[in-house]
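J.: File name final_13.txt; file contents compact mmCIF, N, CA and C atoms and all ligand atoms; full text below.
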```
# COMPACT_ATOMS: atom_id res chain seq x y z
N MET B 1 114.75 83.05 120.57
CA MET B 1 115.77 82.50 121.48
C MET B 1 115.31 81.13 121.99
N LYS B 2 116.22 80.24 122.07
CA LYS B 2 115.86 78.90 122.56
C LYS B 2 115.52 78.96 124.05
N LEU B 3 114.63 78.06 124.46
CA LEU B 3 114.20 78.03 125.86
C LEU B 3 115.39 77.95 126.81
N ILE B 4 116.33 77.08 126.48
CA ILE B 4 117.43 76.86 127.42
C ILE B 4 118.26 78.15 127.59
N GLU B 5 118.35 78.92 126.50
CA GLU B 5 119.09 80.19 126.59
C GLU B 5 118.33 81.20 127.45
N ARG B 6 117.01 81.20 127.32
CA ARG B 6 116.19 82.08 128.18
C ARG B 6 116.33 81.69 129.64
N LEU B 7 116.28 80.37 129.89
CA LEU B 7 116.40 79.91 131.28
C LEU B 7 117.76 80.27 131.85
N GLN B 8 118.80 80.05 131.03
CA GLN B 8 120.15 80.35 131.52
C GLN B 8 120.29 81.84 131.82
N ALA B 9 119.64 82.68 131.01
CA ALA B 9 119.70 84.13 131.23
C ALA B 9 118.89 84.52 132.48
N ASP B 10 117.73 83.88 132.65
CA ASP B 10 116.85 84.25 133.76
C ASP B 10 117.29 83.65 135.09
N PHE B 11 117.96 82.52 135.04
CA PHE B 11 118.38 81.84 136.27
C PHE B 11 119.91 81.66 136.24
N GLY B 12 120.59 82.80 136.21
CA GLY B 12 122.05 82.78 136.07
C GLY B 12 122.79 82.22 137.28
N GLN B 13 122.05 82.03 138.38
CA GLN B 13 122.68 81.45 139.57
C GLN B 13 122.93 79.95 139.42
N PHE B 14 122.31 79.34 138.37
CA PHE B 14 122.51 77.91 138.12
C PHE B 14 123.18 77.73 136.75
N LEU B 15 123.85 76.59 136.61
CA LEU B 15 124.38 76.20 135.30
C LEU B 15 123.43 75.19 134.68
N PHE B 16 123.22 75.28 133.41
CA PHE B 16 122.40 74.31 132.68
C PHE B 16 123.32 73.55 131.73
N ILE B 17 123.41 72.25 131.93
CA ILE B 17 124.33 71.46 131.11
C ILE B 17 123.58 70.29 130.49
N LEU B 18 123.73 70.15 129.18
CA LEU B 18 123.13 69.01 128.48
C LEU B 18 123.83 67.74 128.93
N GLY B 19 123.03 66.76 129.39
CA GLY B 19 123.63 65.53 129.89
C GLY B 19 122.85 64.33 129.40
N ASP B 20 123.03 63.19 130.05
CA ASP B 20 122.29 62.01 129.61
C ASP B 20 121.15 61.66 130.56
N GLU B 21 120.90 62.53 131.53
CA GLU B 21 119.74 62.34 132.40
C GLU B 21 119.33 63.69 132.98
N ASN B 22 118.11 63.76 133.49
CA ASN B 22 117.64 64.98 134.15
C ASN B 22 118.01 64.89 135.61
N ARG B 23 118.75 65.89 136.08
CA ARG B 23 119.26 65.81 137.44
C ARG B 23 119.62 67.19 137.93
N TRP B 24 119.32 67.45 139.20
CA TRP B 24 119.76 68.68 139.85
C TRP B 24 120.89 68.32 140.80
N SER B 25 122.00 69.01 140.68
CA SER B 25 123.13 68.77 141.58
C SER B 25 123.31 69.98 142.50
N PRO B 26 122.86 69.85 143.77
CA PRO B 26 122.98 70.99 144.70
C PRO B 26 124.45 71.37 144.93
N GLU B 27 125.35 70.40 144.92
CA GLU B 27 126.77 70.69 145.18
C GLU B 27 127.34 71.56 144.07
N GLU B 28 127.00 71.25 142.84
CA GLU B 28 127.55 71.98 141.69
C GLU B 28 126.65 73.12 141.23
N LYS B 29 125.49 73.28 141.88
CA LYS B 29 124.48 74.25 141.44
C LYS B 29 124.21 74.14 139.94
N THR B 30 124.07 72.92 139.52
CA THR B 30 123.95 72.63 138.09
C THR B 30 122.72 71.78 137.80
N ILE B 31 122.01 72.15 136.74
CA ILE B 31 120.89 71.35 136.27
C ILE B 31 121.33 70.63 135.00
N PHE B 32 121.36 69.32 135.07
CA PHE B 32 121.66 68.51 133.89
C PHE B 32 120.33 68.18 133.24
N TYR B 33 120.27 68.28 131.93
CA TYR B 33 119.01 68.02 131.24
C TYR B 33 119.25 67.24 129.96
N VAL B 34 118.21 66.56 129.53
CA VAL B 34 118.27 65.87 128.24
C VAL B 34 117.42 66.67 127.25
N GLU B 35 117.69 66.50 125.98
CA GLU B 35 116.94 67.25 124.98
C GLU B 35 115.50 66.75 124.88
N ASP B 36 114.62 67.63 124.48
CA ASP B 36 113.23 67.28 124.19
C ASP B 36 112.43 66.80 125.39
N ASP B 37 112.79 67.19 126.59
CA ASP B 37 111.95 66.88 127.73
C ASP B 37 111.86 68.14 128.61
N VAL B 38 111.08 69.08 128.10
CA VAL B 38 110.97 70.39 128.75
C VAL B 38 110.39 70.26 130.15
N ALA B 39 109.38 69.38 130.31
CA ALA B 39 108.73 69.24 131.61
C ALA B 39 109.74 68.82 132.68
N SER B 40 110.57 67.83 132.35
CA SER B 40 111.56 67.36 133.33
C SER B 40 112.62 68.42 133.61
N LEU B 41 112.97 69.17 132.59
CA LEU B 41 113.93 70.27 132.78
C LEU B 41 113.36 71.29 133.78
N LEU B 42 112.09 71.66 133.60
CA LEU B 42 111.47 72.62 134.53
C LEU B 42 111.33 72.00 135.92
N HIS B 43 111.10 70.71 135.97
CA HIS B 43 111.01 70.01 137.25
C HIS B 43 112.34 70.10 138.01
N GLU B 44 113.43 69.86 137.30
CA GLU B 44 114.75 69.96 137.96
C GLU B 44 115.03 71.39 138.38
N LEU B 45 114.61 72.34 137.56
CA LEU B 45 114.75 73.75 137.94
C LEU B 45 113.92 74.04 139.19
N GLY B 46 112.76 73.38 139.29
CA GLY B 46 111.93 73.50 140.49
C GLY B 46 112.70 73.04 141.73
N HIS B 47 113.36 71.88 141.63
CA HIS B 47 114.19 71.41 142.75
C HIS B 47 115.24 72.46 143.11
N ALA B 48 115.86 73.03 142.09
CA ALA B 48 116.94 74.00 142.31
C ALA B 48 116.41 75.24 143.03
N LEU B 49 115.28 75.76 142.55
CA LEU B 49 114.74 76.99 143.15
C LEU B 49 114.24 76.74 144.57
N LEU B 50 113.78 75.52 144.83
CA LEU B 50 113.30 75.19 146.18
C LEU B 50 114.45 74.75 147.09
N GLU B 51 115.66 74.78 146.55
CA GLU B 51 116.87 74.42 147.30
C GLU B 51 116.80 73.02 147.90
N HIS B 52 116.30 72.08 147.12
CA HIS B 52 116.23 70.70 147.57
C HIS B 52 117.61 70.08 147.62
N LYS B 53 117.85 69.39 148.73
CA LYS B 53 119.12 68.68 148.86
C LYS B 53 118.80 67.20 148.95
N LYS B 54 119.77 66.44 149.42
CA LYS B 54 119.51 65.00 149.56
C LYS B 54 118.47 64.77 150.65
N PHE B 55 117.64 63.79 150.45
CA PHE B 55 116.63 63.46 151.45
C PHE B 55 117.07 62.21 152.21
N VAL B 56 116.57 62.07 153.44
CA VAL B 56 116.91 60.88 154.23
C VAL B 56 115.71 59.95 154.32
N GLN B 57 114.57 60.52 154.72
CA GLN B 57 113.39 59.69 154.90
C GLN B 57 112.61 59.56 153.59
N ASP B 58 112.17 58.36 153.29
CA ASP B 58 111.44 58.13 152.04
C ASP B 58 110.21 59.00 151.90
N VAL B 59 109.50 59.24 153.02
CA VAL B 59 108.28 60.05 152.91
C VAL B 59 108.59 61.46 152.41
N GLU B 60 109.80 61.94 152.71
CA GLU B 60 110.18 63.27 152.22
C GLU B 60 110.23 63.30 150.70
N LEU B 61 110.65 62.19 150.12
CA LEU B 61 110.86 62.19 148.67
C LEU B 61 109.58 62.57 147.92
N LEU B 62 108.48 61.95 148.30
CA LEU B 62 107.23 62.24 147.59
C LEU B 62 106.84 63.70 147.74
N HIS B 63 107.10 64.26 148.93
CA HIS B 63 106.80 65.69 149.12
C HIS B 63 107.67 66.58 148.24
N ILE B 64 108.96 66.32 148.24
CA ILE B 64 109.82 67.22 147.47
C ILE B 64 109.58 67.04 145.96
N GLU B 65 109.26 65.82 145.55
CA GLU B 65 108.98 65.63 144.12
C GLU B 65 107.69 66.35 143.73
N ARG B 66 106.67 66.23 144.57
CA ARG B 66 105.40 66.92 144.29
C ARG B 66 105.63 68.43 144.24
N ASP B 67 106.38 68.94 145.21
CA ASP B 67 106.67 70.38 145.25
C ASP B 67 107.42 70.85 144.00
N ALA B 68 108.38 70.04 143.57
CA ALA B 68 109.16 70.42 142.39
C ALA B 68 108.28 70.44 141.14
N TRP B 69 107.31 69.52 141.07
CA TRP B 69 106.38 69.55 139.92
C TRP B 69 105.48 70.77 139.98
N GLU B 70 105.04 71.14 141.17
CA GLU B 70 104.22 72.35 141.30
C GLU B 70 105.01 73.58 140.86
N LYS B 71 106.27 73.62 141.29
CA LYS B 71 107.14 74.74 140.90
C LYS B 71 107.34 74.74 139.38
N ALA B 72 107.51 73.56 138.81
CA ALA B 72 107.69 73.45 137.36
C ALA B 72 106.48 74.04 136.62
N ARG B 73 105.30 73.76 137.13
CA ARG B 73 104.08 74.33 136.54
C ARG B 73 104.10 75.85 136.58
N GLU B 74 104.46 76.39 137.74
CA GLU B 74 104.55 77.86 137.90
C GLU B 74 105.51 78.47 136.89
N ILE B 75 106.69 77.87 136.79
CA ILE B 75 107.69 78.39 135.86
C ILE B 75 107.16 78.28 134.43
N GLY B 76 106.52 77.14 134.14
CA GLY B 76 105.98 76.90 132.81
C GLY B 76 105.01 77.98 132.38
N VAL B 77 104.17 78.43 133.29
CA VAL B 77 103.19 79.48 132.98
C VAL B 77 103.90 80.73 132.45
N LYS B 78 105.01 81.10 133.11
CA LYS B 78 105.76 82.29 132.69
C LYS B 78 106.33 82.17 131.29
N TYR B 79 106.63 80.93 130.89
CA TYR B 79 107.25 80.72 129.59
C TYR B 79 106.25 80.20 128.56
N GLY B 80 104.98 80.22 128.94
CA GLY B 80 103.95 79.76 128.01
C GLY B 80 104.01 78.27 127.73
N LEU B 81 104.49 77.50 128.71
CA LEU B 81 104.59 76.05 128.53
C LEU B 81 103.67 75.36 129.52
N LYS B 82 102.89 74.42 129.02
CA LYS B 82 101.98 73.72 129.92
C LYS B 82 102.54 72.34 130.23
N ILE B 83 102.54 71.99 131.50
CA ILE B 83 103.03 70.67 131.89
C ILE B 83 101.85 69.72 131.99
N ASP B 84 102.00 68.62 131.29
CA ASP B 84 100.97 67.62 131.18
C ASP B 84 100.73 66.90 132.52
N ASP B 85 99.48 66.91 132.99
CA ASP B 85 99.15 66.23 134.26
C ASP B 85 99.55 64.76 134.24
N GLU B 86 99.36 64.16 133.07
CA GLU B 86 99.63 62.74 132.97
C GLU B 86 101.12 62.43 133.19
N GLN B 87 101.97 63.31 132.65
CA GLN B 87 103.41 63.10 132.85
C GLN B 87 103.76 63.21 134.34
N VAL B 88 103.12 64.17 135.03
CA VAL B 88 103.39 64.35 136.45
C VAL B 88 102.94 63.11 137.23
N GLU B 89 101.75 62.62 136.93
CA GLU B 89 101.24 61.45 137.67
C GLU B 89 102.08 60.22 137.39
N LYS B 90 102.54 60.08 136.13
CA LYS B 90 103.41 58.94 135.81
C LYS B 90 104.72 59.03 136.58
N ALA B 91 105.24 60.24 136.68
CA ALA B 91 106.49 60.43 137.42
C ALA B 91 106.27 60.09 138.90
N MET B 92 105.14 60.54 139.47
CA MET B 92 104.85 60.26 140.88
C MET B 92 104.71 58.75 141.10
N ASP B 93 104.05 58.07 140.17
CA ASP B 93 103.95 56.60 140.26
C ASP B 93 105.34 55.97 140.23
N GLY B 94 106.20 56.53 139.39
CA GLY B 94 107.57 56.02 139.28
C GLY B 94 108.32 56.15 140.59
N TYR B 95 108.15 57.28 141.29
CA TYR B 95 108.83 57.44 142.59
C TYR B 95 108.28 56.44 143.60
N ARG B 96 106.95 56.24 143.58
CA ARG B 96 106.34 55.29 144.52
C ARG B 96 106.84 53.88 144.27
N ASP B 97 106.91 53.50 143.00
CA ASP B 97 107.43 52.17 142.65
C ASP B 97 108.85 52.02 143.16
N TRP B 98 109.63 53.09 142.97
CA TRP B 98 111.03 53.03 143.37
C TRP B 98 111.16 52.90 144.89
N LEU B 99 110.31 53.64 145.62
CA LEU B 99 110.35 53.55 147.09
C LEU B 99 109.96 52.15 147.53
N HIS B 100 108.96 51.59 146.88
CA HIS B 100 108.53 50.23 147.23
C HIS B 100 109.67 49.25 146.97
N PHE B 101 110.26 49.38 145.79
CA PHE B 101 111.34 48.49 145.38
C PHE B 101 112.48 48.50 146.39
N ARG B 102 112.86 49.68 146.87
CA ARG B 102 114.03 49.72 147.75
C ARG B 102 113.69 49.33 149.19
N SER B 103 112.40 49.25 149.53
CA SER B 103 112.04 48.85 150.89
C SER B 103 111.92 47.33 151.04
N ILE B 104 112.10 46.61 149.93
CA ILE B 104 111.98 45.16 149.98
C ILE B 104 113.29 44.53 150.45
N CYS B 105 113.20 43.65 151.43
CA CYS B 105 114.40 42.99 151.98
C CYS B 105 115.10 42.17 150.90
N PRO B 106 116.41 42.40 150.73
CA PRO B 106 117.14 41.67 149.69
C PRO B 106 117.30 40.18 150.01
N VAL B 107 117.05 39.79 151.27
CA VAL B 107 117.24 38.39 151.66
C VAL B 107 115.94 37.60 151.58
N CYS B 108 114.88 38.15 152.17
CA CYS B 108 113.66 37.35 152.27
C CYS B 108 112.44 37.96 151.57
N ASP B 109 112.63 39.10 150.90
CA ASP B 109 111.55 39.72 150.12
C ASP B 109 110.38 40.30 150.92
N GLN B 110 110.53 40.39 152.24
CA GLN B 110 109.48 41.06 153.02
C GLN B 110 109.72 42.58 152.98
N ASN B 111 108.69 43.33 153.34
CA ASN B 111 108.82 44.77 153.41
C ASN B 111 109.60 45.19 154.66
N GLY B 112 110.64 46.01 154.49
CA GLY B 112 111.40 46.50 155.64
C GLY B 112 110.86 47.82 156.16
N VAL B 113 111.35 48.24 157.32
CA VAL B 113 111.00 49.56 157.84
C VAL B 113 112.25 50.43 157.80
N GLN B 114 112.04 51.72 157.58
CA GLN B 114 113.18 52.62 157.48
C GLN B 114 113.51 53.22 158.84
N GLU B 115 114.78 53.16 159.23
CA GLU B 115 115.22 53.79 160.47
C GLU B 115 115.21 55.29 160.31
N HIS B 116 114.80 55.97 161.35
CA HIS B 116 114.56 57.40 161.18
C HIS B 116 115.80 58.23 160.90
N SER B 117 116.85 58.05 161.69
CA SER B 117 118.00 58.95 161.58
C SER B 117 118.93 58.60 160.43
N SER B 118 119.14 57.32 160.18
CA SER B 118 120.13 56.92 159.19
C SER B 118 119.53 56.77 157.79
N GLY B 119 118.23 56.53 157.73
CA GLY B 119 117.61 56.26 156.43
C GLY B 119 117.81 54.83 155.97
N ARG B 120 118.51 54.01 156.80
CA ARG B 120 118.68 52.60 156.43
C ARG B 120 117.39 51.82 156.68
N TYR B 121 117.32 50.66 156.06
CA TYR B 121 116.16 49.79 156.26
C TYR B 121 116.53 48.62 157.15
N ARG B 122 115.53 48.13 157.88
CA ARG B 122 115.70 46.92 158.66
C ARG B 122 114.53 46.01 158.39
N CYS B 123 114.84 44.72 158.17
CA CYS B 123 113.78 43.75 157.94
C CYS B 123 113.31 43.21 159.29
N LEU B 124 112.00 43.28 159.55
CA LEU B 124 111.46 42.81 160.82
C LEU B 124 111.37 41.29 160.84
N ASN B 125 111.44 40.71 159.67
CA ASN B 125 111.33 39.26 159.56
C ASN B 125 112.68 38.56 159.81
N CYS B 126 113.74 39.02 159.15
CA CYS B 126 115.03 38.30 159.25
C CYS B 126 116.14 39.19 159.80
N ASP B 127 115.83 40.46 160.14
CA ASP B 127 116.78 41.37 160.78
C ASP B 127 117.91 41.86 159.87
N THR B 128 117.80 41.64 158.60
CA THR B 128 118.80 42.20 157.68
C THR B 128 118.69 43.72 157.66
N VAL B 129 119.86 44.40 157.59
CA VAL B 129 119.87 45.86 157.47
C VAL B 129 120.49 46.20 156.12
N TRP B 130 119.87 47.12 155.40
CA TRP B 130 120.46 47.52 154.12
C TRP B 130 120.25 49.01 153.88
N ASN B 131 121.07 49.53 153.01
CA ASN B 131 121.03 50.94 152.67
C ASN B 131 120.76 51.04 151.17
N ALA B 132 119.62 51.60 150.84
CA ALA B 132 119.22 51.58 149.43
C ALA B 132 119.35 52.95 148.76
N ASN B 133 120.01 53.89 149.43
CA ASN B 133 120.04 55.26 148.91
C ASN B 133 120.60 55.42 147.50
N ASP B 134 121.52 54.54 147.14
CA ASP B 134 122.21 54.76 145.88
C ASP B 134 121.52 54.15 144.67
N ALA B 135 120.44 53.46 144.91
CA ALA B 135 119.82 52.73 143.80
C ALA B 135 118.89 53.60 142.96
N ARG B 136 118.81 54.86 143.30
CA ARG B 136 117.78 55.70 142.68
C ARG B 136 117.87 55.81 141.16
N LYS B 137 119.06 56.11 140.68
CA LYS B 137 119.20 56.32 139.23
C LYS B 137 118.84 55.08 138.45
N THR B 138 119.28 53.94 138.98
CA THR B 138 118.99 52.67 138.32
C THR B 138 117.48 52.48 138.19
N ALA B 139 116.79 52.78 139.30
CA ALA B 139 115.35 52.59 139.31
C ALA B 139 114.67 53.55 138.34
N LEU B 140 115.19 54.78 138.27
CA LEU B 140 114.58 55.73 137.35
C LEU B 140 114.80 55.29 135.91
N ARG B 141 115.94 54.68 135.66
CA ARG B 141 116.16 54.14 134.31
C ARG B 141 115.18 53.01 134.03
N ARG B 142 114.98 52.16 135.04
CA ARG B 142 114.03 51.06 134.86
C ARG B 142 112.66 51.63 134.52
N TYR B 143 112.32 52.69 135.24
CA TYR B 143 111.03 53.33 135.03
C TYR B 143 110.92 53.85 133.61
N LYS B 144 112.00 54.46 133.13
CA LYS B 144 111.97 55.00 131.77
C LYS B 144 111.79 53.88 130.75
N HIS B 145 112.44 52.76 130.97
CA HIS B 145 112.31 51.64 130.04
C HIS B 145 110.87 51.18 129.95
N LYS B 146 110.21 51.19 131.13
CA LYS B 146 108.83 50.74 131.19
C LYS B 146 107.92 51.62 130.34
N LEU B 147 108.25 52.91 130.29
CA LEU B 147 107.42 53.84 129.51
C LEU B 147 107.57 53.61 128.01
N ALA B 148 108.74 53.18 127.61
CA ALA B 148 109.06 53.11 126.18
C ALA B 148 108.26 52.01 125.48
ZN ZN B 201 112.51 65.34 141.06
ZN ZN B 202 114.33 39.85 155.50
```
Can you give me the file's structure in the form of structure tokens?
T.:
Amino acid sequence: MKLIERLQADFGQFLFILGDENRWSPEEKTIFYVEDDVASLLHELGHALLEHKKFVQDVELLHIERDAWEKAREIGVKYGLKIDDEQVEKAMDGYRDWLHFRSICPVCDQNGVQEHSSGRYRCLNCDTVWNANDARKTALRRYKHKLA
């Protein structure tokens, strides 16, 4: 039986749909996955099992990503799949790069600070306020290009 069929049978509370990126959608209870990237598929399943939703504060992101990778390892053991440490560390570096990228002021290139409740950024140098929440996918694509 193919892995995806086993996962779908074992985790029937979620839908597994072949897509063009790896993504967990809490609203749709759906895991989108790409072919030939088992580690990322298990990582997204990790997010799903840990009931991760949208995050507001950047510091949360690194925690939930780390937790999802730990969960992916646990699931992998059950299915006889080993997740490569190097892939995990590369992914963690990618999230850090992305967080750095979105904290940079679009006007003057200084580092901004994130407001606690809204998740928006404010530049202490020029007072520009920006919201970088939506740039995530783009940055992850950039990260993927860098690997290739
Ligand atoms: Zn993740
Ligand atoms: Zn600025």
J.: Show me which residues line ligand ZN 202 (chain B), defined as having an atom within 10 Å of a ligand atom where only C-alpha atoms and all ligand atoms count, and present them as a list in words.
T.: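 Final answer, ordered by chain and number: Ile104, Cys105, Pro106, Val107, Cys108, Asp109, Gln110, Asn111, Gly112, Arg122, Cys123, Leu124, Asn125, Cys126, Asp127, Thr128, Val129 and Trp130 of chain B.
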J.: Please, could you write that set of residues out with N, CA and C atoms as a compact mmCIF listing (two decimals), in the frame of the given file?
T.:
```
# COMPACT_ATOMS: atom_id res chain seq x y z
N ILE B 104 112.10 46.61 149.93
CA ILE B 104 111.98 45.16 149.98
C ILE B 104 113.29 44.53 150.45
N CYS B 105 113.20 43.65 151.43
CA CYS B 105 114.40 42.99 151.98
C CYS B 105 115.10 42.17 150.90
N PRO B 106 116.41 42.40 150.73
CA PRO B 106 117.14 41.67 149.69
C PRO B 106 117.30 40.18 150.01
N VAL B 107 117.05 39.79 151.27
CA VAL B 107 117.24 38.39 151.66
C VAL B 107 115.94 37.60 151.58
N CYS B 108 114.88 38.15 152.17
CA CYS B 108 113.66 37.35 152.27
C CYS B 108 112.44 37.96 151.57
N ASP B 109 112.63 39.10 150.90
CA ASP B 109 111.55 39.72 150.12
C ASP B 109 110.38 40.30 150.92
N GLN B 110 110.53 40.39 152.24
CA GLN B 110 109.48 41.06 153.02
C GLN B 110 109.72 42.58 152.98
N ASN B 111 108.69 43.33 153.34
CA ASN B 111 108.82 44.77 153.41
C ASN B 111 109.60 45.19 154.66
N GLY B 112 110.64 46.01 154.49
CA GLY B 112 111.40 46.50 155.64
C GLY B 112 110.86 47.82 156.16
N ARG B 122 115.53 48.13 157.88
CA ARG B 122 115.70 46.92 158.66
C ARG B 122 114.53 46.01 158.39
N CYS B 123 114.84 44.72 158.17
CA CYS B 123 113.78 43.75 157.94
C CYS B 123 113.31 43.21 159.29
N LEU B 124 112.00 43.28 159.55
CA LEU B 124 111.46 42.81 160.82
C LEU B 124 111.37 41.29 160.84
N ASN B 125 111.44 40.71 159.67
CA ASN B 125 111.33 39.26 159.56
C ASN B 125 112.68 38.56 159.81
N CYS B 126 113.74 39.02 159.15
CA CYS B 126 115.03 38.30 159.25
C CYS B 126 116.14 39.19 159.80
N ASP B 127 115.83 40.46 160.14
CA ASP B 127 116.78 41.37 160.78
C ASP B 127 117.91 41.86 159.87
N THR B 128 117.80 41.64 158.60
CA THR B 128 118.80 42.20 157.68
C THR B 128 118.69 43.72 157.66
N VAL B 129 119.86 44.40 157.59
CA VAL B 129 119.87 45.86 157.47
C VAL B 129 120.49 46.20 156.12
N TRP B 130 119.87 47.12 155.40
CA TRP B 130 120.46 47.52 154.12
C TRP B 130 120.25 49.01 153.88
```
J.: Write out as a list of chain:residue names each polymer residue (protein, DNA or RNA) that has an atom no more than 6.5 Å from ligand ZN 201 (chain B), with all atoms listed in the file counted.
T.: B:His43, B:Glu44, B:Ile64, B:Glu65, B:Ala68
J.: Quick check, in Å to one decimal: how far apart do atom C of Gln57 of chain B and atom N of Phe14 of chain B lie?
T.: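 One can read the atom C of Gln57 of chain B to atom N of Phe14 of chain B distance as 26.8 Å.
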J.: In terms of the shortest atom-to-atom distance over only C-alpha atoms, which of B:Tyr95, B:Lys90, B:Glu5, B:Val56 is closest to Arg120 of chain B?
T.: B:Val56
J.: Show which residues sit within 8 Å of segment 71-75 of chain B, as a ChimeraX atom specification. Count only N, CA and C atoms, and ignore same-chain residues fewer than 2 positions away.
T.: /B:39-47,50,65-69,77-83
J.: May I have the protein, DNA and RNA residues with any atom at most 10 Å from the point (120.5, 65.9, 127.0), counting only C-alpha atoms, written as a tab-separated table (two decimals) with N, CA and C atoms, in the frame of the given file?
T.:
```tsv
chain	number	residue	atom	x	y	z
B	17	ILE	N	123.41	72.25	131.93
B	17	ILE	CA	124.33	71.46	131.11
B	17	ILE	C	123.58	70.29	130.49
B	18	LEU	N	123.73	70.15	129.18
B	18	LEU	CA	123.13	69.01	128.48
B	18	LEU	C	123.83	67.74	128.93
B	19	GLY	N	123.03	66.76	129.39
B	19	GLY	CA	123.63	65.53	129.89
B	19	GLY	C	122.85	64.33	129.40
B	20	ASP	N	123.03	63.19	130.05
B	20	ASP	CA	122.29	62.01	129.61
B	20	ASP	C	121.15	61.66	130.56
B	21	GLU	N	120.90	62.53	131.53
B	21	GLU	CA	119.74	62.34	132.40
B	21	GLU	C	119.33	63.69	132.98
B	22	ASN	N	118.11	63.76	133.49
B	22	ASN	CA	117.64	64.98	134.15
B	22	ASN	C	118.01	64.89	135.61
B	32	PHE	N	121.36	69.32	135.07
B	32	PHE	CA	121.66	68.51	133.89
B	32	PHE	C	120.33	68.18	133.24
B	33	TYR	N	120.27	68.28	131.93
B	33	TYR	CA	119.01	68.02	131.24
B	33	TYR	C	119.25	67.24	129.96
B	34	VAL	N	118.21	66.56	129.53
B	34	VAL	CA	118.27	65.87	128.24
B	34	VAL	C	117.42	66.67	127.25
B	35	GLU	N	117.69	66.50	125.98
B	35	GLU	CA	116.94	67.25	124.98
B	35	GLU	C	115.50	66.75	124.88
B	36	ASP	N	114.62	67.63	124.48
B	36	ASP	CA	113.23	67.28	124.19
B	36	ASP	C	112.43	66.80	125.39
B	37	ASP	N	112.79	67.19	126.59
B	37	ASP	CA	111.95	66.88	127.73
B	37	ASP	C	111.86	68.14	128.61
B	41	LEU	N	112.97	69.17	132.59
B	41	LEU	CA	113.93	70.27	132.78
B	41	LEU	C	113.36	71.29	133.78
```
J.: So that all listed atoms of segment 25-39 of chain B fit with 4 Å spare on each side, what axis-aligned box centre and edge lengths in Å, to one decimal, would you give as lines of an AutoDock Vina configuration file?
T.:
```
center_x = 118.1
center_y = 70.1
center_z = 134.7
size_x = 26.8
size_y = 16.4
size_z = 29.0
```
J.: Between atom C of Met1 of chain B and atom N of Val88 of chain B, what is the spacing in Å?
T.: 24.6 Å
